[in-house]
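A.B. asks: I'd like to ask you about the structure that follows.
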Amino acid sequence: MMQWAVIAGFAMLTLAFVLAFVRLLRGPHAPDRVLALDTLYVDTVALLILLGVHLDSSLYFEAALLIALVGFVSTVALSRYLLRGRLFD
Amino acid sequence: MDWIVAALIVLGTAFALIGSLGLLRMGDFYLRLHGPTKITTFGLGCLLLASVLHFASRGRFGLHEILVSLFLFITAPVSAHLLAKAALHLHLPSQASPPRRQGG
């Protein structure tokens with residue numbers, strides 16, 4: 001039961017990665033690409049949490065927290081660059 | 001307990017898939033902004049709840065999952081707001097009709 005749910009979860013997350021990556025390649029404007037990168041890091045956090053449940057190890061939450069932190073900082077930096085034209089005033 | 005964890009895992013990843021589908025299929029940027037926020041709040045919320053229940057049923061109750069979910073719930077609206085501000089600044093095209101001017 002648990003095994004099938006985890007396998008279905010991995011399959012749906014892979015498909016979500018592919019869809020976000022298509023938007024990253026196609027995105028007509030720069031904020032679309034930044035939004036696709038944002039979605040990709042959120043999907044990565046979901047994948048790491050699911051891997052932690054699958055392998056029965058709580059080590060992966062540290063990696064998930066780190067990726068969430070770096071992804072948020074990078075999204076803020078990119079949208080600030082789009083907004084101001086430079087990163088630091 | 002395993003049934004609840006399995007159902008929450010399937011629900012959360014299904015929401016991740018639906019959010020990415022919305023990101024791909026919606027018409028303009030302001031509509032596309034809806035999908036990823038649903039992934040962050042509902043999909044990751046379900047997955048983190050599933051993980052908390054899974055590790056609690058094995059006698060290991062950790063604070064890491066709650067920390068991750070708290071951080072994501074705080075930062076998701078901030079990044080969405082900054083992206084919307086950047087899109088408004090760049091005058092991205094929108095499908096919505098412009099607002100009617102009040103008082104002629």
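So you can find residues: chains in the structure tokens are A, B, ... in the order shown, residues in each start at 1, and ligands are numbered from 1 in order.
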So that I can see what lies close to Gly35 (chain B), please list as a ChimeraX atom specification the residues with an atom at most 7 Å from it, counting only C-alpha atoms and leaving out residues fewer than 5 positions away in the same chain.

C.D. replies: /B:19-20,22-23

A.B. asks: Could those residues be written to a file, using C-alpha atoms, as a compact mmCIF listing (two decimals), in the first residue's frame?

C.D. replies:
```
# COMPACT_ATOMS: atom_id res chain seq x y z
CA GLY B 19 -0.06 23.15 -10.08
CA SER B 20 2.63 22.46 -12.67
CA GLY B 22 -1.59 25.14 -14.42
CA LEU B 23 1.82 26.75 -14.79
```

A.B. asks: Can you tell me which residues surround region 26-38 of chain A at a distance of at most 7 Å, considering only C-alpha atoms, apart from same-chain residues fewer than 4 positions away, and format the answer as a list in words?

C.D. replies: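 Those residues are Ala20, Phe21, Val22, Val42, Gly71 and Thr75 of chain A; Phe29, Leu83 and Ala87 of chain B.
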
A.B. asks: Can you write out as a Markdown table which residues of chain B fall within 9 Å of chain A, alongside each residue's closest atom pair and its distance in Å to one decimal, counting only C-alpha atoms and ordering rows by chain and ascending residue number?

C.D. replies:
```
| residue | atom | partner | partner_atom | distance |
| --- | --- | --- | --- | --- |
| B:Asp2 | CA | A:Met2 | CA | 6.5 |
| B:Trp3 | CA | A:Met1 | CA | 7.4 |
| B:Val5 | CA | A:Met2 | CA | 7.7 |
| B:Ala6 | CA | A:Ala5 | CA | 5.3 |
| B:Ala7 | CA | A:Ala5 | CA | 7.5 |
| B:Ile9 | CA | A:Gly9 | CA | 6.5 |
| B:Val10 | CA | A:Gly9 | CA | 5.7 |
| B:Leu11 | CA | A:Gly9 | CA | 8.7 |
| B:Gly12 | CA | A:Gly9 | CA | 8.2 |
| B:Thr13 | CA | A:Gly9 | CA | 5.4 |
| B:Ala14 | CA | A:Met12 | CA | 6.4 |
| B:Ala16 | CA | A:Ala16 | CA | 6.4 |
| B:Leu17 | CA | A:Ala16 | CA | 4.6 |
| B:Ile18 | CA | A:Ala16 | CA | 7.8 |
| B:Gly19 | CA | A:Ala16 | CA | 7.9 |
| B:Ser20 | CA | A:Ala16 | CA | 5.3 |
| B:Leu21 | CA | A:Leu19 | CA | 6.3 |
| B:Leu23 | CA | A:Ala20 | CA | 6.9 |
| B:Leu24 | CA | A:Arg23 | CA | 5.6 |
| B:Arg25 | CA | A:Arg23 | CA | 9.0 |
| B:Phe29 | CA | A:Asp32 | CA | 6.4 |
| B:Arg32 | CA | A:Asp32 | CA | 8.1 |
| B:Leu33 | CA | A:Leu35 | CA | 7.4 |
| B:Gly35 | CA | A:Thr39 | CA | 8.8 |
| B:Pro36 | CA | A:Thr39 | CA | 5.6 |
| B:Thr37 | CA | A:Thr39 | CA | 8.6 |
| B:Ile39 | CA | A:Val42 | CA | 7.6 |
| B:Thr40 | CA | A:Val42 | CA | 6.6 |
| B:Gly43 | CA | A:Ala46 | CA | 8.2 |
| B:Leu44 | CA | A:Ala46 | CA | 6.2 |
| B:Leu47 | CA | A:Ala46 | CA | 7.1 |
| B:Leu48 | CA | A:Ile49 | CA | 7.2 |
| B:Ala50 | CA | A:Val53 | CA | 8.5 |
| B:Ser51 | CA | A:Val53 | CA | 6.1 |
| B:His54 | CA | A:Val53 | CA | 7.2 |
| B:Phe55 | CA | A:Asp56 | CA | 8.0 |
| B:Gly62 | CA | A:Ser58 | CA | 8.1 |
| B:His64 | CA | A:Phe61 | CA | 6.1 |
| B:Glu65 | CA | A:Phe61 | CA | 6.7 |
| B:Leu67 | CA | A:Leu65 | CA | 7.9 |
| B:Val68 | CA | A:Leu65 | CA | 5.5 |
| B:Phe71 | CA | A:Ala68 | CA | 7.9 |
| B:Leu72 | CA | A:Ala68 | CA | 7.1 |
| B:Thr75 | CA | A:Phe72 | CA | 6.8 |
| B:Ala76 | CA | A:Phe72 | CA | 8.0 |
| B:Val78 | CA | A:Val76 | CA | 8.3 |
| B:Ser79 | CA | A:Val76 | CA | 6.1 |
| B:Ala80 | CA | A:Leu35 | CA | 8.4 |
| B:Leu82 | CA | A:Ser79 | CA | 6.1 |
| B:Leu83 | CA | A:Ser79 | CA | 5.6 |
| B:Ala84 | CA | A:Pro31 | CA | 8.4 |
| B:Lys85 | CA | A:Leu83 | CA | 7.3 |
| B:Ala86 | CA | A:Leu83 | CA | 4.8 |
| B:Ala87 | CA | A:Pro31 | CA | 6.3 |
| B:His89 | CA | A:Leu83 | CA | 6.4 |
| B:Leu90 | CA | A:Leu83 | CA | 7.7 |
| B:Leu92 | CA | A:His29 | CA | 7.9 |
```

A.B. asks: Between CA of Ala56 (chain B) and CA of Leu48 (chain A), what is the distance, to one decimal in Å?

C.D. replies: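 Those two atoms sit 18.3 Å apart.
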
A.B. asks: List every residue of chain B that DSSP, applied to the backbone of this structure, assigns to helix (DSSP H, G or I), and report them as number ranges by chain.

C.D. replies: B: 2-25, 29-32, 34-57, 64-89
